[in-house]
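Peer 1: This structure is in structure tokens; I'll ask about it shortly.
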Amino acid sequence: MPESEMDSSSLDIPLLRSDLEFFPAPAAEGGEPVWTVFDPVNSEYLKADWQHYQILIRLDREQTLGALIDRIERETTIRVSQHDMVDFLVDLNRLRLLNNSLHISSGQLSRESERKRQSAFQWLIHHYLYFRLPLIRPDSFLNKALPYVTKLVTLPALVFYAFIAIIGLYFLCFRFDEYVATLTDFLNWKGALAYGVAITLLKCVHEFAHAFTAKKMGNRVKTMGVAFIVMWPVPYCDVTDSWRMSSRKKRLLISFAGVLAELTIAAFALVIWGVSEGQITRSVCFVLSSVSLAGTLMINLNPVMRFDGYYILSDLLGIDNLFPRARVYLRWFYRYKLLGISAPDPERKMSEHSRRLLLIYSVSSWIYRFFLYTGIAILVYYSFPKIIGIVLFTIEITAFILFPAVTEIVWLWNNRKAITLGRNTWIIIIIFAIAALWFSLPLPRRLQLPAQVKAVQRQILYAPISGVLTTLYVKSGDKVKKGELLLSMASVSLEKEIEVLRNYKAVLLSRINSEIASTTKAGSGVGLQQTALSQVDSKLKSLLEQLRRCSVYAQFPGFIENLDNSLQVNSALYKGQEVALLININKSEVVALLPHEDLGYLKTGKDASFLPAGSGGTINCKITKLSDYRQQVLDNPALASLHGGPVFATNDHKNRLRITGVYYPVYAEIETDNLRSGQTGSLIVYSSGKSYLYSVVLLVWRTILRESGL
């Protein structure tokens, strides 16, 4: 007879540990009572529904399994089988909630414990990204300081904070461009230091807000210290005693306290930033407000990571242990609905609406975590020395992405006989097959490349001589015609030199005529005078040409750009000084940046279209040139990621925008007079047959070759 079917009624049941504490917890969705079980040895809080609680309180004396089941069925309405009771006792034993080990002859306990126990290596892999270092026990300090802190959160104070927040939001909305532009002033090592200090201070305030709120609710705050998230230190506060409370509202207040504290600081900082004129004050307030807002919206209120937003959402939905329950439910859902594997619904007591929310949360959290872990893997790859980065990258991808996938595939293979290929299964198979073919086959792909408009013809308007500006006929942005006069100059020294030469020429002519008339003999003096006259004519012609060039005309129709706004009439100009730029409006070209992995998939002569930024329509163009030389410096800041553009770039020691990736210029001819030089957008073009799978494999292979030094 199989072990699972053997009679276990005579099995001796160990007692439940006497130091465990039970607290009423918030009721379940259907109103069923729930209890919190506190394990003081492991500092863990566990949940027990009404049925499990009735079993737990009856593990108070020595008895056999059969006697325990008889007692439960006699004193309650619960009906439980020996098999289910053994499974429950195994879980209690694994959680170390029993006084001594549970001895099961079948070996079920040892197998279950081995399956669920983590090795030291597995623990290290899952915890080096996040671990805590307790530093202080703040309970005594919190008790003394609480009366003073409480005065800061009275009803009048909260109304005042709300009023300040409205004013701060007004400044942020109506001066948003100015606020965002301030960020560029902090993209340096000094800005990084300022943000580091601000993050530390704000997180300390954040955690003390949690601590004081928990203390106000009557809870202990056992420890405070430093948590390391991907080796980055941040303060933390242990408020797990809030699980003792039966009120979800109070738990919500504790979870939201840190967010509220940061938002209050952000509100005051925004108001001071909006009314202050001092550069230092504005900079400090900008850093505080930006860190508070970004940290709150992107991290603290993010419900798919286990920060404040996760616990807030959990209490709002009334679902404790939200992520693990959502993970289990998603696994059951796809196995049952898509693969036809029959199993009991783990959340059958939930309403249909709550189960739907659980499913949505699980899918969204898995998608988010996939990209998060991939990003963390790339981060540790670039943040650590080469060999360490490669090892950590491999561990990240293997432990958090590949291992769960392989584990699930192995489970499905072992249970393949239970799979029923229904209509939903075939639909999923077809969808995945189409996606796999699309990813693998060399199909034409739509490429959207970052690009800018550049004029093919340019005329630099510069001072041909040193002098003064007499007339400026245009201003920046003016549209001019071919041959139109743009500016005039004058040079006192040049005009004087011309006048002197003209007078000297007149003297020479007079001498020549006088000598010719007064003598009948051709002397050498006339020849010398004529030679001098020829030299003067040549010099005078050169100076007159320079004087003529003092009037600058447009060589082609176009727009005036980059005009020096400091110039006025009678402003001094030196020879060669640039005054403005004339751009041809009739013939422009689009210069796009092609990523290295797409090199070889485009050809000259291919039709393309240019989509200007902020426009809904495209303009036809044609690719004329593909450069073989990598572009390393970005000449248009609007394309840089530092200014919200699509190209990742950093400032080098010469304050140039150096591109971090590998891009090659692509030139496309465009005929239009509706675009301006420097206007950014996207060049849309369809490549020749390209396989994404091949590109990924090639990228991995090149990375391996590069990092291995082969």
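Letters for chains follow the order of the structure tokens (A, B, ...), residue numbers begin at 1 for each chain, and ligand numbers begin at 1 in the order shown.
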What's around segment 547-553 of chain A at 7 Å? Count only C-alpha atoms, leave out sequence neighbours fewer than 6 positions away in its own chain, and write the answer as a list in words.
Peer 2: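 My reading of the contact set: Pro464, Gly483, Glu484, Leu485, Leu486, Leu487, Ser488, Met489 and Ala490 of chain A.
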Peer 1: Do a neighbour search on Val37 of chain A at 12 Å with only C-alpha atoms, toss out local chain neighbours closer than 6 positions, and write the hits as an MDAnalysis selection string.
Peer 2: chainID A and resid 16:25 43:49 52:53 56:57 92 95 97 241 243:245
Peer 1: Given the selection you just returned, output its residues as a file containing C-alpha atoms, formatted as a PDB file, in the first residue's frame.
Peer 2:
ATOM      1  CA  LEU A  16       2.253  23.933  19.596  1.00  0.00           C
ATOM      2  CA  ARG A  17       4.944  26.199  21.025  1.00  0.00           C
ATOM      3  CA  SER A  18       3.646  28.016  24.077  1.00  0.00           C
ATOM      4  CA  ASP A  19       5.457  31.283  23.292  1.00  0.00           C
ATOM      5  CA  LEU A  20       3.423  31.922  20.132  1.00  0.00           C
ATOM      6  CA  GLU A  21       1.050  34.900  20.353  1.00  0.00           C
ATOM      7  CA  PHE A  22      -2.328  35.262  18.624  1.00  0.00           C
ATOM      8  CA  PHE A  23      -3.849  38.625  17.660  1.00  0.00           C
ATOM      9  CA  PRO A  24      -7.136  39.368  15.886  1.00  0.00           C
ATOM     10  CA  ALA A  25      -6.389  40.516  12.336  1.00  0.00           C
ATOM     11  CA  SER A  43      10.326  37.592  14.533  1.00  0.00           C
ATOM     12  CA  GLU A  44       7.761  36.520  11.951  1.00  0.00           C
ATOM     13  CA  TYR A  45       4.055  37.219  11.571  1.00  0.00           C
ATOM     14  CA  LEU A  46       1.829  34.552  10.014  1.00  0.00           C
ATOM     15  CA  LYS A  47      -1.841  34.591   9.048  1.00  0.00           C
ATOM     16  CA  ALA A  48      -4.378  31.946  10.073  1.00  0.00           C
ATOM     17  CA  ASP A  49      -7.971  31.782   8.905  1.00  0.00           C
ATOM     18  CA  HIS A  52      -6.564  26.827  10.847  1.00  0.00           C
ATOM     19  CA  TYR A  53      -6.950  28.865  14.027  1.00  0.00           C
ATOM     20  CA  LEU A  56      -3.903  25.561  16.213  1.00  0.00           C
ATOM     21  CA  ILE A  57      -5.601  26.238  19.558  1.00  0.00           C
ATOM     22  CA  LEU A  92       3.832  23.876  10.996  1.00  0.00           C
ATOM     23  CA  LEU A  95       7.851  26.893  10.140  1.00  0.00           C
ATOM     24  CA  LEU A  97       5.980  26.289  15.334  1.00  0.00           C
ATOM     25  CA  ASP A 241       4.726  45.000  14.895  1.00  0.00           C
ATOM     26  CA  TRP A 243       0.823  43.340  11.978  1.00  0.00           C
ATOM     27  CA  ARG A 244      -0.475  42.963  15.543  1.00  0.00           C
ATOM     28  CA  MET A 245      -3.183  45.548  14.832  1.00  0.00           C
TER      29      MET A 245
END
Peer 1: Contacts of Pro665 of chain A at 9 Å or less, counting only C-alpha atoms, minus same-chain residues fewer than 4 places along, as a list in words?
Peer 2: Val591, Ala592, Leu593, Leu594, Lys625, Leu626, Ser627, Asp628, Tyr629, Arg630 and Gln631 of chain A
Peer 1: I need the residues in segment 461-646 of chain A that are helix (DSSP H, G or I) according to DSSP; give them as a PyMOL selection string.
Peer 2: chain A and resi 492-518+524-548+596-598+637-639+641-643
Peer 1: Which residue out of A:Phe370, A:Tyr504, A:Trp50, A:Tyr663 has the minimum interatomic distance to Ala649 of chain A when only C-alpha atoms are used?
Peer 2: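 The answer is A:Tyr663, which sits nearest to Ala649 of chain A.
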